[in-house]
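Structure file model-v7.pdb with PDB, C-alpha atoms, pLDDT in the B column:
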MODEL        1
ATOM      1  CA  MET A   1      26.271   9.581   6.767  1.00 77.00           C
ATOM      2  CA  ARG A   2      27.216   6.604   4.644  1.00 84.00           C
ATOM      3  CA  ARG A   3      28.291   4.612   7.688  1.00 85.00           C
ATOM      4  CA  GLN A   4      24.947   5.272   9.388  1.00 86.00           C
ATOM      5  CA  ARG A   5      23.018   4.025   6.387  1.00 86.00           C
ATOM      6  CA  ARG A   6      25.157   0.928   6.210  1.00 87.00           C
ATOM      7  CA  LEU A   7      24.713   0.298   9.944  1.00 86.00           C
ATOM      8  CA  ILE A   8      20.937   0.718   9.643  1.00 83.00           C
ATOM      9  CA  ARG A   9      20.907  -1.625   6.648  1.00 81.00           C
ATOM     10  CA  LEU A  10      22.799  -4.231   8.710  1.00 84.00           C
ATOM     11  CA  CYS A  11      20.672  -3.823  11.853  1.00 86.00           C
ATOM     12  CA  LYS A  12      17.269  -3.804  10.152  1.00 83.00           C
ATOM     13  CA  PRO A  13      17.152  -7.558   9.336  1.00 85.00           C
ATOM     14  CA  PHE A  14      18.360  -8.477  12.830  1.00 87.00           C
ATOM     15  CA  LEU A  15      15.734  -6.280  14.484  1.00 87.00           C
ATOM     16  CA  PHE A  16      12.927  -7.565  12.249  1.00 86.00           C
ATOM     17  CA  LEU A  17      13.956 -11.195  12.803  1.00 87.00           C
ATOM     18  CA  SER A  18      14.214 -10.651  16.567  1.00 89.00           C
ATOM     19  CA  LEU A  19      10.801  -9.002  16.690  1.00 89.00           C
ATOM     20  CA  PHE A  20       9.056 -11.659  14.612  1.00 90.00           C
ATOM     21  CA  THR A  21      10.796 -14.485  16.480  1.00 88.00           C
ATOM     22  CA  ALA A  22       9.601 -13.111  19.833  1.00 87.00           C
ATOM     23  CA  ILE A  23       6.070 -12.606  18.511  1.00 88.00           C
ATOM     24  CA  GLY A  24       6.153 -16.088  16.957  1.00 86.00           C
ATOM     25  CA  ILE A  25       7.158 -17.720  20.250  1.00 81.00           C
ATOM     26  CA  ILE A  26       4.375 -15.957  22.151  1.00 81.00           C
ATOM     27  CA  LEU A  27       1.754 -16.827  19.511  1.00 82.00           C
ATOM     28  CA  HIS A  28       3.039 -20.418  19.384  1.00 78.00           C
ATOM     29  CA  GLU A  29       2.526 -20.818  23.121  1.00 74.00           C
ATOM     30  CA  LEU A  30      -0.876 -19.137  23.010  1.00 77.00           C
ATOM     31  CA  GLY A  31      -1.865 -21.484  20.194  1.00 76.00           C
ATOM     32  CA  TYR A  32      -1.786 -24.360  22.667  1.00 70.00           C
ATOM     33  CA  HIS A  33      -4.640 -22.756  24.555  1.00 71.00           C
ATOM     34  CA  LEU A  34      -7.011 -23.288  21.652  1.00 67.00           C
ATOM     35  CA  ILE A  35      -7.602 -26.779  23.051  1.00 62.00           C
ATOM     36  CA  GLU A  36     -10.056 -27.916  25.702  1.00 57.00           C
ATOM     37  CA  ILE A  37      -7.441 -29.407  28.035  1.00 57.00           C
ATOM     38  CA  PRO A  38      -6.472 -26.777  30.617  1.00 60.00           C
ATOM     39  CA  SER A  39      -2.714 -26.430  30.696  1.00 62.00           C
ATOM     40  CA  LYS A  40       0.015 -24.335  32.186  1.00 63.00           C
ATOM     41  CA  VAL A  41       2.050 -22.454  29.620  1.00 60.00           C
ATOM     42  CA  GLY A  42       5.652 -21.381  29.834  1.00 61.00           C
ATOM     43  CA  LEU A  43       8.452 -20.639  27.428  1.00 58.00           C
ATOM     44  CA  SER A  44      10.401 -23.704  28.556  1.00 61.00           C
ATOM     45  CA  GLN A  45       7.582 -26.267  28.675  1.00 61.00           C
ATOM     46  CA  ASN A  46       3.844 -26.749  28.720  1.00 59.00           C
ATOM     47  CA  TYR A  47       1.978 -29.374  30.613  1.00 60.00           C
ATOM     48  CA  PRO A  48      -1.650 -30.284  31.130  1.00 61.00           C
ATOM     49  CA  LEU A  49      -3.339 -29.614  34.442  1.00 61.00           C
ATOM     50  CA  VAL A  50      -5.405 -32.752  33.886  1.00 64.00           C
ATOM     51  CA  ARG A  51      -4.007 -36.164  33.030  1.00 69.00           C
ATOM     52  CA  VAL A  52      -4.072 -37.181  29.397  1.00 67.00           C
ATOM     53  CA  THR A  53      -6.366 -40.201  29.206  1.00 72.00           C
ATOM     54  CA  ALA A  54      -7.877 -42.299  26.442  1.00 75.00           C
ATOM     55  CA  GLU A  55     -10.989 -40.085  26.529  1.00 76.00           C
ATOM     56  CA  ASN A  56      -9.151 -36.802  25.945  1.00 70.00           C
ATOM     57  CA  ARG A  57      -6.273 -38.171  23.854  1.00 71.00           C
ATOM     58  CA  ASN A  58      -7.613 -36.840  20.518  1.00 74.00           C
ATOM     59  CA  THR A  59      -8.037 -33.358  21.980  1.00 71.00           C
ATOM     60  CA  GLU A  60      -4.470 -33.514  23.301  1.00 70.00           C
ATOM     61  CA  ILE A  61      -3.146 -34.484  19.861  1.00 72.00           C
ATOM     62  CA  VAL A  62      -4.961 -31.586  18.179  1.00 74.00           C
ATOM     63  CA  GLY A  63      -3.723 -29.269  20.933  1.00 71.00           C
ATOM     64  CA  THR A  64      -0.149 -30.400  20.398  1.00 73.00           C
ATOM     65  CA  LEU A  65      -0.436 -29.332  16.760  1.00 79.00           C
ATOM     66  CA  ALA A  66      -1.971 -25.927  17.586  1.00 78.00           C
ATOM     67  CA  GLY A  67       1.315 -24.121  18.369  1.00 79.00           C
ATOM     68  CA  PRO A  68       3.242 -25.223  15.270  1.00 84.00           C
ATOM     69  CA  THR A  69       0.149 -24.631  13.126  1.00 86.00           C
ATOM     70  CA  ILE A  70       0.048 -20.996  14.272  1.00 86.00           C
ATOM     71  CA  ASN A  71       3.716 -20.588  13.284  1.00 89.00           C
ATOM     72  CA  LEU A  72       3.178 -22.244   9.904  1.00 91.00           C
ATOM     73  CA  LEU A  73       0.186 -19.976   9.272  1.00 91.00           C
ATOM     74  CA  PHE A  74       2.145 -16.820  10.111  1.00 90.00           C
ATOM     75  CA  GLY A  75       5.093 -18.095   8.087  1.00 92.00           C
ATOM     76  CA  TYR A  76       2.853 -18.597   5.073  1.00 94.00           C
ATOM     77  CA  VAL A  77       1.141 -15.206   5.514  1.00 93.00           C
ATOM     78  CA  GLY A  78       4.524 -13.481   5.878  1.00 92.00           C
ATOM     79  CA  LEU A  79       5.898 -15.065   2.725  1.00 93.00           C
ATOM     80  CA  LEU A  80       2.655 -14.289   0.885  1.00 94.00           C
ATOM     81  CA  VAL A  81       2.948 -10.623   1.922  1.00 93.00           C
ATOM     82  CA  HIS A  82       6.547 -10.683   0.686  1.00 93.00           C
ATOM     83  CA  LYS A  83       5.516 -12.150  -2.650  1.00 93.00           C
ATOM     84  CA  LEU A  84       2.606  -9.746  -3.223  1.00 93.00           C
ATOM     85  CA  SER A  85       4.298  -6.548  -2.000  1.00 90.00           C
ATOM     86  CA  ARG A  86       5.824  -3.958  -4.271  1.00 82.00           C
ATOM     87  CA  HIS A  87       9.502  -3.984  -5.095  1.00 82.00           C
ATOM     88  CA  GLU A  88      11.860  -3.031  -2.201  1.00 79.00           C
ATOM     89  CA  SER A  89       9.154  -1.813   0.205  1.00 83.00           C
ATOM     90  CA  SER A  90       9.440  -2.152   3.992  1.00 83.00           C
ATOM     91  CA  LEU A  91       6.312  -4.311   3.965  1.00 88.00           C
ATOM     92  CA  LYS A  92       8.025  -6.700   1.553  1.00 89.00           C
ATOM     93  CA  PHE A  93      10.999  -7.130   3.883  1.00 87.00           C
ATOM     94  CA  ALA A  94       8.772  -7.370   6.980  1.00 88.00           C
ATOM     95  CA  GLY A  95       6.799 -10.161   5.281  1.00 91.00           C
ATOM     96  CA  LEU A  96       9.994 -12.005   4.428  1.00 90.00           C
ATOM     97  CA  TYR A  97      11.344 -11.766   7.967  1.00 90.00           C
ATOM     98  CA  CYS A  98       7.986 -12.761   9.483  1.00 91.00           C
ATOM     99  CA  GLY A  99       7.842 -15.790   7.210  1.00 92.00           C
ATOM    100  CA  LEU A 100      11.429 -16.845   7.829  1.00 91.00           C
ATOM    101  CA  ALA A 101      11.266 -16.393  11.612  1.00 91.00           C
ATOM    102  CA  ASN A 102       8.084 -18.432  11.991  1.00 90.00           C
ATOM    103  CA  LEU A 103       9.179 -21.215   9.655  1.00 90.00           C
ATOM    104  CA  PHE A 104      12.531 -21.327  11.471  1.00 89.00           C
ATOM    105  CA  LEU A 105      10.712 -21.731  14.806  1.00 86.00           C
ATOM    106  CA  VAL A 106       8.761 -24.727  13.497  1.00 87.00           C
ATOM    107  CA  PHE A 107      11.864 -26.321  11.979  1.00 88.00           C
ATOM    108  CA  VAL A 108      14.047 -25.848  15.071  1.00 85.00           C
ATOM    109  CA  ALA A 109      11.345 -27.100  17.440  1.00 79.00           C
ATOM    110  CA  THR A 110      10.883 -30.210  15.309  1.00 79.00           C
ATOM    111  CA  VAL A 111      14.601 -30.978  15.136  1.00 83.00           C
ATOM    112  CA  VAL A 112      15.197 -30.331  18.846  1.00 80.00           C
ATOM    113  CA  ASN A 113      12.225 -32.501  19.880  1.00 76.00           C
ATOM    114  CA  LEU A 114      13.415 -35.284  17.581  1.00 79.00           C
ATOM    115  CA  ILE A 115      16.940 -35.150  19.026  1.00 82.00           C
ATOM    116  CA  VAL A 116      15.594 -35.190  22.594  1.00 76.00           C
ATOM    117  CA  ASP A 117      13.274 -38.095  21.790  1.00 75.00           C
ATOM    118  CA  LEU A 118      16.079 -40.090  20.159  1.00 80.00           C
ATOM    119  CA  ALA A 119      18.504 -39.378  23.004  1.00 81.00           C
ATOM    120  CA  SER A 120      16.032 -40.155  25.792  1.00 75.00           C
ATOM    121  CA  GLY A 121      14.295 -43.094  24.135  1.00 74.00           C
ATOM    122  CA  THR A 122      10.862 -41.590  24.800  1.00 70.00           C
ATOM    123  CA  TRP A 123       8.423 -40.386  22.180  1.00 64.00           C
ATOM    124  CA  GLY A 124       6.595 -37.688  24.088  1.00 60.00           C
ATOM    125  CA  ASN A 125       6.109 -33.999  23.740  1.00 56.00           C
ATOM    126  CA  ASP A 126       5.971 -31.144  26.203  1.00 53.00           C
ATOM    127  CA  LEU A 127       2.185 -31.394  26.629  1.00 49.00           C
ATOM    128  CA  GLN A 128       2.557 -34.961  27.877  1.00 52.00           C
ATOM    129  CA  ARG A 129       4.838 -34.137  30.793  1.00 50.00           C
ATOM    130  CA  SER A 130       3.146 -34.085  34.140  1.00 46.00           C
ATOM    131  CA  PRO A 131       3.587 -31.114  36.477  1.00 45.00           C
ATOM    132  CA  ASN A 132       5.036 -33.320  39.220  1.00 45.00           C
TER     133      ASN A 132
ENDMDL
END
What is this structure when it is put down as structure tokens?
Amino acid sequence: MRRQRRLIRLCKPFLFLSLFTAIGIILHELGYHLIEIPSKVGLSQNYPLVRVTAENRNTEIVGTLAGPTINLLFGYVGLLVHKLSRHESSLKFAGLYCGLANLFLVFVATVVNLIVDLASGTWGNDLQRSPN
């Protein structure tokens, strides 16, 4: 019985983090569709179905920020739930894991994009790639 409790205690954070990471990725990608530029969405890259021009450049910039903004919002809400929840409740831990997973997604995406940009010498993002 003691081993089962310990195993559950070890698995619970992993399962919560996995769940909130998956949800965070899906919501991040859906956040891009808040913009007016029609785009194709995928878990490996996004790209506009129309060319980014001077006329729609501002919309593209706002759209590029939509995905990370969704993750930052859910990260903040998760950590707020953690802070305001009662001592040692499941909701408290769920809020913590939601906050950590979403903030981790933003941080990792930023670092990976920066490394790719530095290595390739280009300063683009996945919404600027053309489908061809």
Excluding same-chain residues fewer than 6 positions from Phe93 of chain A, what lies within 12 Å of it counting only C-alpha atoms, as a list in words?
->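 Using only C-alpha atoms, the neighbours found are Arg9, Lys12, Pro13, Phe14, Leu15, Phe16, Leu17, Phe20, Gly78, Leu79, Leu80, Val81, His82, Lys83, Leu84, Ser85, Arg86, His87, Gly99 and Leu100 of chain A.
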Here atom CA of Lys92 of chain A and atom CA of Ala66 of chain A stand apart by 27.0 Å
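Nearest to Asn71 of chain A of all the residues A:Val111, A:Leu19, A:Leu103, A:Cys11 is A:Leu103, counting only C-alpha atoms.
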Atom CA of Leu10 of chain A and atom CA of Leu105 of chain A, how far apart in Å?
->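 If I compute the distance from atom CA of Leu105 of chain A to atom CA of Leu10 of chain A, I get 22.1 Å.
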Between atom CA of Leu27 of chain A and atom CA of Gly63 of chain A, what is the distance, to one decimal in Å?
->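 Distance reported for this atom pair: 13.7 Å.
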Taking all atoms of segment 3-15 of chain A that the file lists, what box with edges along x, y and z, padded by 3 Å per side, do you get, with centre and edge lengths in Å to one decimal, as JSON?
{"center_x": 22.0, "center_y": -1.6, "center_z": 10.3, "size_x": 18.6, "size_y": 19.7, "size_z": 14.3}
If the PyMOL selection byres ((chain A and resi 25) around 10) is run on the structure shown, which residues does it catch, given as a list in words?
-> Phe20, Thr21, Ala22, Ile23, Gly24, Ile26, Leu27, His28, Glu29, Leu30, Gly31, Leu43, Gly67, Pro68, Ile70, Asn71, Ala101, Asn102, Leu105 and Val106 of chain A
Taking all atoms listed in the file into account, which of A:Val108, A:Asn56, A:Ala94, A:Ser18 comes nearest Phe74 of chain A?
->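 Of all the options, A:Ala94 lies closest to Phe74 of chain A.
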